[in-house]
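Peer 1: Please find start.tsv (TSV, C-alpha atoms) on the next line:
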```tsv
chain	number	residue	atom	x	y	z
A	1	VAL	CA	54.89	1.05	346.62
A	2	LYS	CA	54.84	1.53	350.38
A	3	GLU	CA	54.09	-2.16	350.94
A	4	ASN	CA	56.87	-3.17	348.52
A	5	SER	CA	59.34	-0.95	350.37
A	6	ARG	CA	58.30	-2.47	353.71
A	7	LEU	CA	58.66	-6.01	352.34
A	8	LEU	CA	62.12	-5.28	350.88
A	9	ALA	CA	63.27	-3.98	354.26
A	10	GLN	CA	61.80	-7.00	356.03
A	11	ASN	CA	63.47	-9.36	353.53
A	12	ALA	CA	66.90	-7.78	354.12
A	13	ILE	CA	66.50	-8.13	357.88
A	14	LEU	CA	65.38	-11.75	357.61
A	15	LYS	CA	68.30	-12.69	355.34
A	16	ALA	CA	70.74	-11.12	357.78
A	17	ARG	CA	69.19	-13.03	360.67
A	18	MET	CA	69.29	-16.26	358.65
A	19	TYR	CA	73.08	-15.96	358.22
A	20	GLN	CA	73.47	-15.35	361.93
A	21	TYR	CA	71.22	-18.23	362.97
A	22	GLU	CA	72.86	-20.76	360.63
A	23	THR	CA	76.28	-20.05	362.08
A	24	ALA	CA	75.02	-19.84	365.65
A	25	SER	CA	73.31	-23.20	365.26
A	26	LYS	CA	76.54	-24.89	364.11
A	27	GLU	CA	78.56	-23.25	366.87
A	28	ASN	CA	75.96	-24.07	369.53
A	29	GLU	CA	76.03	-27.73	368.60
A	30	THR	CA	79.80	-27.84	369.00
A	31	LEU	CA	79.77	-25.83	372.22
A	32	ARG	CA	77.07	-28.00	373.78
A	33	GLU	CA	79.20	-31.04	373.11
A	34	LEU	CA	82.28	-29.40	374.61
A	35	LEU	CA	80.75	-27.49	377.48
A	36	SER	CA	77.41	-29.21	378.08
A	37	SER	CA	75.72	-25.85	378.07
A	38	SER	CA	73.51	-23.84	375.81
A	39	GLY	CA	73.65	-20.22	374.79
A	40	LYS	CA	71.85	-17.75	372.65
A	41	ILE	CA	73.22	-15.07	370.36
A	42	GLU	CA	70.88	-12.17	369.79
A	43	SER	CA	71.21	-9.00	367.81
A	44	ASP	CA	68.97	-6.09	367.10
A	45	PHE	CA	68.60	-5.03	363.49
A	46	THR	CA	67.65	-1.64	362.15
A	47	HIS	CA	66.75	-1.15	358.52
A	48	ALA	CA	68.59	1.75	356.89
A	49	GLU	CA	68.99	3.10	353.39
A	50	ILE	CA	72.07	4.53	351.70
A	51	ILE	CA	71.36	8.18	350.97
A	52	ALA	CA	74.77	9.31	349.71
A	53	GLU	CA	78.17	8.03	348.60
A	54	SER	CA	81.53	9.67	349.09
A	55	ASN	CA	83.24	10.95	345.96
A	56	SER	CA	86.63	10.70	347.65
A	57	LEU	CA	89.26	8.52	346.04
A	58	LEU	CA	90.88	8.07	349.45
A	59	LYS	CA	87.93	6.76	351.48
A	60	LYS	CA	85.08	4.41	350.56
A	61	ILE	CA	82.24	5.76	352.68
A	62	VAL	CA	78.45	5.81	352.33
A	63	ILE	CA	75.92	7.78	354.35
A	64	ILE	CA	72.87	5.99	355.76
A	65	ASN	CA	69.60	7.51	356.93
A	66	LYS	CA	69.87	6.27	360.52
A	67	GLY	CA	71.77	7.83	363.39
A	68	GLN	CA	72.00	8.15	367.16
A	69	ASN	CA	68.24	8.77	367.40
A	70	ASP	CA	67.85	5.25	365.97
A	71	GLU	CA	70.40	3.77	368.42
A	72	VAL	CA	73.15	3.61	365.81
A	73	TYR	CA	76.63	3.98	367.32
A	74	ASP	CA	80.27	4.31	366.20
A	75	GLY	CA	81.83	0.93	365.43
A	76	GLN	CA	78.51	-0.81	364.79
A	77	ALA	CA	78.55	-3.48	362.08
A	78	VAL	CA	76.56	-2.82	358.91
A	79	ILE	CA	75.32	-5.71	356.80
A	80	ASP	CA	72.98	-6.03	353.87
A	81	ALA	CA	71.16	-8.94	352.27
A	82	HIS	CA	74.43	-10.12	350.69
A	83	GLY	CA	76.65	-9.96	353.78
A	84	VAL	CA	79.03	-7.52	355.43
A	85	LEU	CA	78.96	-3.98	354.04
A	86	GLY	CA	81.17	-2.19	356.58
A	87	HIS	CA	80.94	-0.46	359.95
A	88	VAL	CA	79.78	2.89	361.28
A	89	VAL	CA	82.64	5.37	361.67
A	90	THR	CA	80.55	8.40	362.63
A	91	ALA	CA	77.03	8.31	364.03
A	92	ASN	CA	75.34	11.70	363.96
A	93	LYS	CA	71.88	12.50	365.28
A	94	TYR	CA	69.97	11.51	362.11
A	95	THR	CA	72.57	9.99	359.76
A	96	SER	CA	75.72	7.88	359.97
A	97	SER	CA	78.88	7.41	357.91
A	98	VAL	CA	79.77	3.82	357.06
A	99	LEU	CA	83.30	2.76	356.08
A	100	LEU	CA	82.95	0.01	353.46
A	101	ILE	CA	84.96	-3.20	353.82
A	102	THR	CA	86.55	-2.48	350.43
A	103	ASP	CA	88.28	0.63	351.86
A	104	LYS	CA	92.05	0.18	352.28
A	105	ASP	CA	91.75	0.97	356.01
A	106	SER	CA	89.12	-1.72	356.62
A	107	TYR	CA	90.03	-5.08	358.19
A	108	VAL	CA	87.67	-8.03	358.70
A	109	PRO	CA	88.70	-11.34	360.32
A	110	VAL	CA	87.37	-14.10	358.06
A	111	GLN	CA	87.29	-17.86	357.73
A	112	ASN	CA	86.17	-20.37	355.15
A	113	THR	CA	83.88	-23.33	355.84
A	114	ASP	CA	86.92	-25.49	356.72
A	115	GLY	CA	87.91	-23.07	359.49
A	116	GLU	CA	90.96	-21.62	357.72
A	117	ARG	CA	91.37	-18.05	358.96
A	118	ALA	CA	92.83	-14.82	357.62
A	119	ILE	CA	92.19	-11.09	357.66
A	120	ALA	CA	90.39	-9.54	354.70
A	121	VAL	CA	91.66	-6.05	353.88
A	122	GLY	CA	90.04	-3.65	351.47
A	123	SER	CA	92.13	-3.02	348.39
A	124	GLY	CA	90.79	0.50	347.96
A	125	ASP	CA	90.43	-0.35	344.28
A	126	GLY	CA	86.96	-1.38	343.17
A	127	ASP	CA	85.21	-4.06	345.20
A	128	ALA	CA	88.23	-6.30	345.79
A	129	LEU	CA	89.58	-7.55	349.12
A	130	GLU	CA	92.95	-9.11	349.88
A	131	LEU	CA	93.76	-11.71	352.53
A	132	LEU	CA	96.48	-11.08	355.09
A	133	ASP	CA	97.98	-13.61	357.50
A	134	ALA	CA	97.26	-16.50	355.16
A	135	THR	CA	100.42	-18.60	355.26
A	136	ALA	CA	101.70	-20.89	352.53
A	137	THR	CA	100.26	-23.83	354.47
A	138	THR	CA	96.76	-22.34	354.56
A	139	LYS	CA	94.41	-24.37	352.43
A	140	PHE	CA	92.33	-21.62	350.81
A	141	LYS	CA	91.25	-22.36	347.26
A	142	VAL	CA	89.56	-20.49	344.45
A	143	GLY	CA	85.81	-20.59	344.99
A	144	ASP	CA	85.99	-20.67	348.81
A	145	LYS	CA	83.32	-18.53	350.39
A	146	LEU	CA	84.58	-16.37	353.25
A	147	TYR	CA	82.56	-15.51	356.35
A	148	THR	CA	83.19	-13.33	359.38
A	149	SER	CA	85.01	-15.29	362.05
A	150	GLY	CA	83.85	-13.16	364.98
A	151	LEU	CA	87.41	-12.82	366.30
A	152	ALA	CA	87.60	-9.00	366.32
A	153	LEU	CA	84.24	-8.76	368.11
A	154	ARG	CA	82.92	-6.16	365.65
A	155	TYR	CA	81.12	-8.63	363.41
A	156	LEU	CA	79.28	-11.67	364.71
A	157	PRO	CA	80.54	-14.89	363.14
A	158	GLY	CA	79.02	-16.32	359.98
A	159	TYR	CA	78.17	-13.29	357.84
A	160	PRO	CA	79.25	-13.61	354.17
A	161	VAL	CA	82.22	-11.42	353.21
A	162	GLY	CA	83.22	-12.64	349.75
A	163	THR	CA	84.48	-15.43	347.54
A	164	ILE	CA	88.09	-16.19	346.64
A	165	THR	CA	88.59	-15.53	342.94
A	166	THR	CA	92.39	-15.70	342.61
A	167	ILE	CA	95.31	-16.87	344.69
A	168	SER	CA	98.85	-15.52	344.48
A	169	HIS	CA	101.69	-15.75	346.96
```
Reformat the file's structure so that it appears as structure tokens.

Peer 2:
Amino acid sequence: VKENSRLLAQNAILKARMYQYETASKENETLRELLSSSGKIESDFTHAEIIAESNSLLKKIVIINKGQNDEVYDGQAVIDAHGVLGHVVTANKYTSSVLLITDKDSYVPVQNTDGERAIAVGSGDGDALELLDATATTKFKVGDKLYTSGLALRYLPGYPVGTITTISH
């Protein structure tokens, strides 16, 4: 059981790094062509577990079992094996509160694989997100996968955020 738990944690960390490296590799290739330079994006990952969920209808928050003693800080991005989960809103000594991206006060700059950009906002209702700043000329389509764009500097670019299921203007 202990070994299984360790391997699950390691798998989550490796998946998160894979998303980051795939995007960084694409960006590095473009940047090398434009700037004739190379760079390296690095991030530290800490494995955490959700230990509680908020019962509030107003805020979508979970509590994780890592805090300031584990170098967790306010504003830090939180991802899981599937993509962006949210960001730390309060880091205490041993635990932290994480605002989920589905909360109505959560905003994540996103883009699709074609580079079309928008801002994903939590609907506050279930697990749905809505896109803001997507104009009528934006070429999003049902089935597009959305990734962090890195524009707000909270989330590194390339982490999965969601998939477009419906479009309405």

Peer 1: Produce a table with one row for each residue of range 32-96 of chain A that has an atom at most 12 Å from any atom of range 107-121 of chain A, each row naming the nearest atom pair and its distance in Å at one decimal; use only C-alpha atoms; arrange rows by chain and rising residue number; format as a tab-separated table.

Peer 2:
```
residue	atom	partner	partner_atom	distance
A:Ala77	CA	A:Val108	CA	10.7
A:Val84	CA	A:Val108	CA	9.3
A:Leu85	CA	A:Val108	CA	10.7
A:Gly86	CA	A:Val108	CA	9.0
A:His87	CA	A:Val108	CA	10.2
```

Peer 1: Write out as a count of residues only each polymer residue whose atoms come within 12 Å of Asp103 in chain A, counting all atoms listed in the file; drop sequence neighbours fewer than 6 positions from it.

Peer 2: 22

Peer 1: For CA of Gly83 in chain A and CA of Glu3 in chain A, quote the distance in Å rounded to one decimal.

Peer 2: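 It comes out at 24.0 Å.
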
Peer 1: Report the distance between CA of Val142 in chain A and CA of Ile101 in chain A in Å, rounded to one decimal place.

Peer 2: 20.2 Å

Peer 1: Just how far from CA of Lys93 in chain A is CA of Ile63 in chain A, in Å to one decimal?

Peer 2: 12.6 Å

Peer 1: Find the spatial neighbours of range 65-75 of chain A, counting only C-alpha atoms, within a cut-off of 12 Å - ignore same-chain residues fewer than 2 positions away - and output them as a ChimeraX atom specification.

Peer 2: /A:44-53,62-63,77-78,86-99,106,152-155
